[in-house]
>>> print(open('query_36.cif').read())   # mmCIF, C-alpha atoms
data_input
#
loop_
_atom_site.label_atom_id
_atom_site.label_comp_id
_atom_site.auth_asym_id
_atom_site.auth_seq_id
_atom_site.Cartn_x
_atom_site.Cartn_y
_atom_site.Cartn_z
CA MET C 1 0.00 0.00 0.00
CA ILE C 2 2.87 2.37 0.74
CA VAL C 3 4.14 1.73 -2.79
CA GLU C 4 0.92 3.17 -4.25
CA ILE C 5 1.40 6.30 -2.16
CA VAL C 6 5.10 6.87 -2.77
CA ALA C 7 5.28 5.93 -6.47
CA PRO C 8 3.16 8.86 -7.75
CA ILE C 9 5.25 11.25 -5.66
CA VAL C 10 8.47 9.88 -7.17
CA ILE C 11 6.95 10.10 -10.67
CA PHE C 12 5.82 13.68 -10.08
CA ILE C 13 9.20 14.80 -8.71
CA SER C 14 11.09 13.07 -11.53
CA SER C 15 8.82 14.58 -14.19
CA PHE C 16 9.10 18.02 -12.63
CA TYR C 17 12.89 17.73 -12.51
CA LEU C 18 13.09 16.66 -16.16
CA LEU C 19 10.71 19.42 -17.25
CA ALA C 20 12.68 22.04 -15.32
CA PHE C 21 15.94 20.72 -16.75
CA GLN C 22 14.48 20.82 -20.24
CA ILE C 23 13.23 24.40 -19.82
CA LEU C 24 16.53 25.61 -18.37
CA ASN C 25 18.63 23.93 -21.10
CA THR C 26 16.87 24.98 -24.27
CA GLU C 27 19.94 26.67 -25.79
CA THR C 28 20.89 23.43 -27.57
CA VAL C 29 17.67 23.44 -29.59
CA VAL C 30 17.63 25.11 -33.00
CA GLU C 31 15.49 28.24 -32.98
CA GLY C 32 12.06 27.60 -34.45
CA SER C 33 12.27 23.89 -33.75
CA ASN C 34 9.39 22.14 -32.02
CA SER C 35 11.50 19.20 -30.85
CA LEU C 36 10.81 19.95 -27.16
CA PHE C 37 7.05 20.29 -27.55
CA VAL C 38 6.06 16.61 -27.37
CA PRO C 39 8.37 15.73 -24.45
CA SER C 40 7.06 18.77 -22.54
CA ILE C 41 3.47 17.69 -23.09
CA CYS C 42 4.29 14.13 -22.02
CA LEU C 43 6.00 15.31 -18.83
CA ILE C 44 3.10 17.63 -17.96
CA LEU C 45 0.60 14.80 -18.56
CA LEU C 46 2.73 12.50 -16.43
CA MET C 47 2.68 15.05 -13.61
CA ILE C 48 -1.11 15.49 -13.84
CA LEU C 49 -1.74 11.75 -13.92
CA SER C 50 0.57 11.20 -10.96
CA VAL C 51 -1.52 13.70 -8.96
CA PHE C 52 -4.65 11.70 -9.79
CA LEU C 53 -2.90 8.46 -8.82
CA GLU C 54 -1.83 10.01 -5.51
CA ILE C 55 -5.37 11.14 -4.72
CA LYS C 56 -6.72 7.67 -5.51
CA ALA C 57 -4.01 6.02 -3.40
CA LEU C 58 -4.70 8.30 -0.43
CA ILE C 59 -8.42 7.57 -0.58
CA THR C 60 -7.74 3.83 -0.73
CA PHE C 61 -5.18 4.14 2.08
CA LYS C 62 -7.68 5.96 4.26
CA ARG C 63 -10.23 3.18 3.74
CA LYS C 64 -7.68 0.50 4.59
CA LEU C 65 -6.58 2.33 7.71
CA GLU C 66 -10.13 2.14 8.97
CA ASP C 67 -9.82 -1.62 8.80
CA LYS C 68 -7.70 -2.34 11.90
CA ASN C 69 -6.95 -5.96 10.98
CA LYS C 70 -4.68 -5.16 8.02
CA LYS C 71 -0.96 -4.65 8.43
CA ILE C 72 0.97 -2.30 6.20
CA ILE C 73 4.12 -3.81 4.74
CA ILE C 74 6.80 -1.50 3.39
CA PRO C 75 8.63 -3.26 0.56
CA LYS C 76 12.40 -2.80 0.73
CA LYS C 77 12.94 -3.34 -3.00
CA PHE C 78 10.61 -0.48 -3.88
CA PHE C 79 12.45 2.08 -1.79
CA LEU C 80 15.84 0.89 -2.98
CA SER C 81 14.78 1.00 -6.63
CA ALA C 82 13.22 4.45 -6.16
CA LEU C 83 16.40 5.70 -4.47
CA VAL C 84 18.64 4.29 -7.19
CA SER C 85 16.38 5.80 -9.88
CA ILE C 86 16.49 9.24 -8.25
CA ILE C 87 20.27 9.02 -7.92
CA TYR C 88 20.47 8.01 -11.61
CA ILE C 89 18.31 10.94 -12.73
CA VAL C 90 20.48 13.37 -10.80
CA SER C 91 23.82 11.78 -11.68
CA ILE C 92 23.22 11.43 -15.41
CA ASN C 93 23.89 15.17 -15.81
CA ILE C 94 27.05 14.95 -13.70
CA LEU C 95 28.54 11.62 -14.82
CA GLY C 96 27.08 11.59 -18.32
CA TYR C 97 24.94 8.95 -19.98
CA PHE C 98 27.71 6.53 -20.90
CA ILE C 99 29.03 6.23 -17.34
CA ALA C 100 25.80 6.54 -15.32
CA THR C 101 23.62 4.14 -17.33
CA PRO C 102 25.70 0.94 -17.02
CA ILE C 103 26.19 1.60 -13.30
CA PHE C 104 22.45 2.20 -12.85
CA TYR C 105 21.55 -0.89 -14.83
CA ILE C 106 23.84 -3.12 -12.76
CA PHE C 107 22.57 -1.75 -9.44
CA PHE C 108 18.95 -1.94 -10.55
CA SER C 109 19.26 -5.54 -11.73
CA ARG C 110 20.87 -6.49 -8.40
CA ILE C 111 18.03 -4.82 -6.48
CA LEU C 112 15.47 -6.73 -8.52
CA GLY C 113 17.20 -9.97 -7.59
CA TYR C 114 19.27 -10.84 -10.64
CA LYS C 115 22.46 -12.36 -9.27
CA ASN C 116 24.63 -13.04 -12.34
CA LEU C 117 27.00 -10.06 -12.39
CA LYS C 118 28.68 -10.99 -15.69
CA ILE C 119 25.37 -11.02 -17.57
CA SER C 120 24.35 -7.73 -15.91
CA ILE C 121 27.58 -6.07 -17.03
CA ILE C 122 27.33 -7.43 -20.58
CA SER C 123 23.67 -6.46 -20.94
CA SER C 124 24.23 -2.97 -19.48
CA ILE C 125 27.03 -2.30 -21.95
CA THR C 126 24.96 -3.75 -24.81
CA ILE C 127 21.96 -1.56 -23.96
CA THR C 128 24.21 1.50 -23.72
CA ILE C 129 25.72 0.75 -27.13
CA VAL C 130 22.29 0.20 -28.72
CA VAL C 131 21.02 3.51 -27.31
CA TYR C 132 24.22 5.20 -28.52
CA PHE C 133 23.68 4.05 -32.10
CA LEU C 134 19.96 4.75 -32.00
CA PHE C 135 20.13 8.25 -30.56
CA ILE C 136 23.48 9.63 -31.66
CA LYS C 137 24.19 7.87 -34.97
CA ILE C 138 20.67 7.41 -36.36
CA LEU C 139 18.49 10.13 -34.80
CA TYR C 140 21.25 12.71 -34.10
CA ILE C 141 19.94 13.36 -30.60
CA PRO C 142 22.64 14.29 -28.09
CA LEU C 143 22.86 12.46 -24.78
CA PRO C 144 24.14 14.07 -21.56
CA LEU C 145 27.94 14.04 -21.45
CA GLY C 146 28.47 15.11 -17.86
CA VAL C 147 30.81 17.73 -16.50
CA ASN C 148 34.58 18.21 -16.19
CA VAL C 149 36.49 14.92 -16.20
CA PHE C 150 33.35 12.89 -16.87
CA LYS C 151 32.63 14.94 -19.99
CA THR C 152 36.11 14.14 -21.28
CA VAL C 153 35.64 10.42 -20.57
CA ASN C 154 32.21 10.40 -22.26
CA GLU C 155 33.57 12.22 -25.31
CA PHE C 156 36.39 9.65 -25.48
CA ILE C 157 33.79 6.85 -25.39
CA ILE C 158 31.72 8.46 -28.16
CA TYR C 159 34.54 9.42 -30.51
#
>>> encode(input="query_36.cif", output="C-alpha cells")
Amino acid sequence: MIVEIVAPIVIFISSFYLLAFQILNTETVVEGSNSLFVPSICLILLMILSVFLEIKALITFKRKLEDKNKKIIIPKKFFLSALVSIIYIVSINILGYFIATPIFYIFFSRILGYKNLKISIISSITITIVVYFLFIKILYIPLPLGVNVFKTVNEFIIY
C-alpha cells in the first residue's frame, strides 16, 4: 500500500525535474524547432496523472486504515529502486549517460534480484551501445555528457 502512495510522488518529482531541466537547457535546440514540444506535453501529462494516482491512493489508504486488521508492509525493493532511480536521474547530468547508465543498470538488476554479475555487465554495456547508435548515430539526438572529467571520458567513449 505504501508503494501506491510513494510511487506517484516519485513520478511527479522526476517529471518536474526533467521538465525544469528541459526548460533551463533549451539553448541546444535550434530556434524555431518544435522538438521539445512533445516531451514537454508528455512530462506535464505524467505530472497530472501522478496527482490523480496520488489522490486515488490516499483515498484507498484511508479506507484500509479504517480496517484495523490489516498490516501495512513497506517493501524494501521499492524504496531501494526508487532511491537508485532518483540518484540516476540526478547523476546522469554529472557523470554523463555513458558512465551513469551501465552503473544504474547493474545496481537496478541487483536490487530486482538478478544475481549473475557478468550477464548484468554485458547487458548494461549492450543496452548503452544500442542507445548510442539509435540516438546519436541514427536520430542525431545528443545524450548528456556530464561535467569536467566525466565529460572528457564520455567524449572519449563516443569518438
>>> atom_distance(input="query_36.cif", atom1="atom CA of C:Val131", atom2="atom CA of C:Asn154")
14.1 Å
>>> residues_around(input="query_36.cif", residues="C:Ser85", least_positions_apart="4", cutoff="9 Å", atoms="all atoms listed in the file", output="PDB file with C-alpha atoms, keeping the file's coordinate frame")
ATOM      1  CA  LEU C  80      15.840   0.890  -2.980  1.00  0.00           C
ATOM      2  CA  SER C  81      14.780   1.000  -6.630  1.00  0.00           C
ATOM      3  CA  ILE C  89      18.310  10.940 -12.730  1.00  0.00           C
ATOM      4  CA  VAL C  90      20.480  13.370 -10.800  1.00  0.00           C
ATOM      5  CA  PHE C 104      22.450   2.200 -12.850  1.00  0.00           C
ATOM      6  CA  PHE C 108      18.950  -1.940 -10.550  1.00  0.00           C
TER       7      PHE C 108
END
>>> closest_residue(input="query_36.cif", among="C:Ile9, C:Pro39, C:Ile111, C:Val149", to="C:Ala57", atoms="only C-alpha atoms")
C:Ile9
>>> residues_near_point(input="query_36.cif", point="(13.1, 6.5, -0.9)", cutoff="12 Å", atoms="all atoms listed in the file", output="JSON, numbers by chain")
{"C": [2, 3, 5, 6, 7, 9, 10, 74, 75, 76, 77, 78, 79, 80, 81, 82, 83, 84, 85, 86, 87]}
>>> write_last_selection(input="query_36.cif", atoms="C-alpha atoms", output="short mmCIF file (atom, residue, chain, number, x, y, z; two decimals), in the frame of the given file")
data_model
loop_
_atom_site.label_atom_id
_atom_site.label_comp_id
_atom_site.auth_asym_id
_atom_site.auth_seq_id
_atom_site.Cartn_x
_atom_site.Cartn_y
_atom_site.Cartn_z
CA ILE C 2 2.87 2.37 0.74
CA VAL C 3 4.14 1.73 -2.79
CA ILE C 5 1.40 6.30 -2.16
CA VAL C 6 5.10 6.87 -2.77
CA ALA C 7 5.28 5.93 -6.47
CA ILE C 9 5.25 11.25 -5.66
CA VAL C 10 8.47 9.88 -7.17
CA ILE C 74 6.80 -1.50 3.39
CA PRO C 75 8.63 -3.26 0.56
CA LYS C 76 12.40 -2.80 0.73
CA LYS C 77 12.94 -3.34 -3.00
CA PHE C 78 10.61 -0.48 -3.88
CA PHE C 79 12.45 2.08 -1.79
CA LEU C 80 15.84 0.89 -2.98
CA SER C 81 14.78 1.00 -6.63
CA ALA C 82 13.22 4.45 -6.16
CA LEU C 83 16.40 5.70 -4.47
CA VAL C 84 18.64 4.29 -7.19
CA SER C 85 16.38 5.80 -9.88
CA ILE C 86 16.49 9.24 -8.25
CA ILE C 87 20.27 9.02 -7.92
#
>>> atom_distance(input="query_36.cif", atom1="atom CA of C:Ile59", atom2="atom CA of C:Glu4")
11.0 Å
>>> closest_residue(input="query_36.cif", among="C:Ile55, C:Leu95, C:Met47, C:Ile13", to="C:Thr152", atoms="only C-alpha atoms")
C:Leu95
>>> atom_distance(input="query_36.cif", atom1="atom CA of C:Ser124", atom2="atom CA of C:Phe21")
25.2 Å
>>> closest_residue(input="query_36.cif", among="C:Ile106, C:Val38, C:Leu112, C:Ile157", to="C:Leu145", atoms="all atoms listed in the file")
C:Ile157
>>> closest_residue(input="query_36.cif", among="C:Tyr97, C:Phe150, C:Phe16, C:Tyr159", to="C:Ile41", atoms="all atoms listed in the file")
C:Phe16
>>> closest_residue(input="query_36.cif", among="C:Arg110, C:Asn148, C:Phe98, C:Ile103", to="C:Ile136", atoms="only C-alpha atoms")
C:Phe98
>>> resolve_selection(input="query_36.cif", expression="the PyMOL selection byres ((chain C and resi 48) around 12)", output="list in words")
Pro8, Ile9, Ile11, Phe12, Ile13, Ser15, Phe16, Ile41, Cys42, Leu43, Ile44, Leu45, Leu46, Met47, Leu49, Ser50, Val51, Phe52, Leu53, Glu54 and Ile55 of chain C
>>> write_last_selection(input="query_36.cif", atoms="C-alpha atoms", output="compact mmCIF listing (two decimals), keeping the file's coordinate frame")
# COMPACT_ATOMS: atom_id res chain seq x y z
CA PRO C 8 3.16 8.86 -7.75
CA ILE C 9 5.25 11.25 -5.66
CA ILE C 11 6.95 10.10 -10.67
CA PHE C 12 5.82 13.68 -10.08
CA ILE C 13 9.20 14.80 -8.71
CA SER C 15 8.82 14.58 -14.19
CA PHE C 16 9.10 18.02 -12.63
CA ILE C 41 3.47 17.69 -23.09
CA CYS C 42 4.29 14.13 -22.02
CA LEU C 43 6.00 15.31 -18.83
CA ILE C 44 3.10 17.63 -17.96
CA LEU C 45 0.60 14.80 -18.56
CA LEU C 46 2.73 12.50 -16.43
CA MET C 47 2.68 15.05 -13.61
CA LEU C 49 -1.74 11.75 -13.92
CA SER C 50 0.57 11.20 -10.96
CA VAL C 51 -1.52 13.70 -8.96
CA PHE C 52 -4.65 11.70 -9.79
CA LEU C 53 -2.90 8.46 -8.82
CA GLU C 54 -1.83 10.01 -5.51
CA ILE C 55 -5.37 11.14 -4.72
>>> residues_around(input="query_36.cif", residues="C:Ile122", least_positions_apart="4", cutoff="12 Å", atoms="all atoms listed in the file", output="list in words")
Pro102, Ile103, Tyr105, Ile106, Asn116, Leu117, Lys118, Thr126, Ile127, Thr128 and Ile129 of chain C
>>> residues_around(input="query_36.cif", residues="C:Pro144", least_positions_apart="3", cutoff="7 Å", atoms="only C-alpha atoms", output="compact mmCIF listing (two decimals) with C-alpha atoms, in the coordinates of the input")
# COMPACT_ATOMS: atom_id res chain seq x y z
CA ILE C 92 23.22 11.43 -15.41
CA ASN C 93 23.89 15.17 -15.81
CA GLY C 96 27.08 11.59 -18.32
CA TYR C 97 24.94 8.95 -19.98
>>> closest_residue(input="query_36.cif", among="C:Ile158, C:Ala100, C:Val130, C:Ile119", to="C:Pro142", atoms="all atoms listed in the file")
C:Ile158
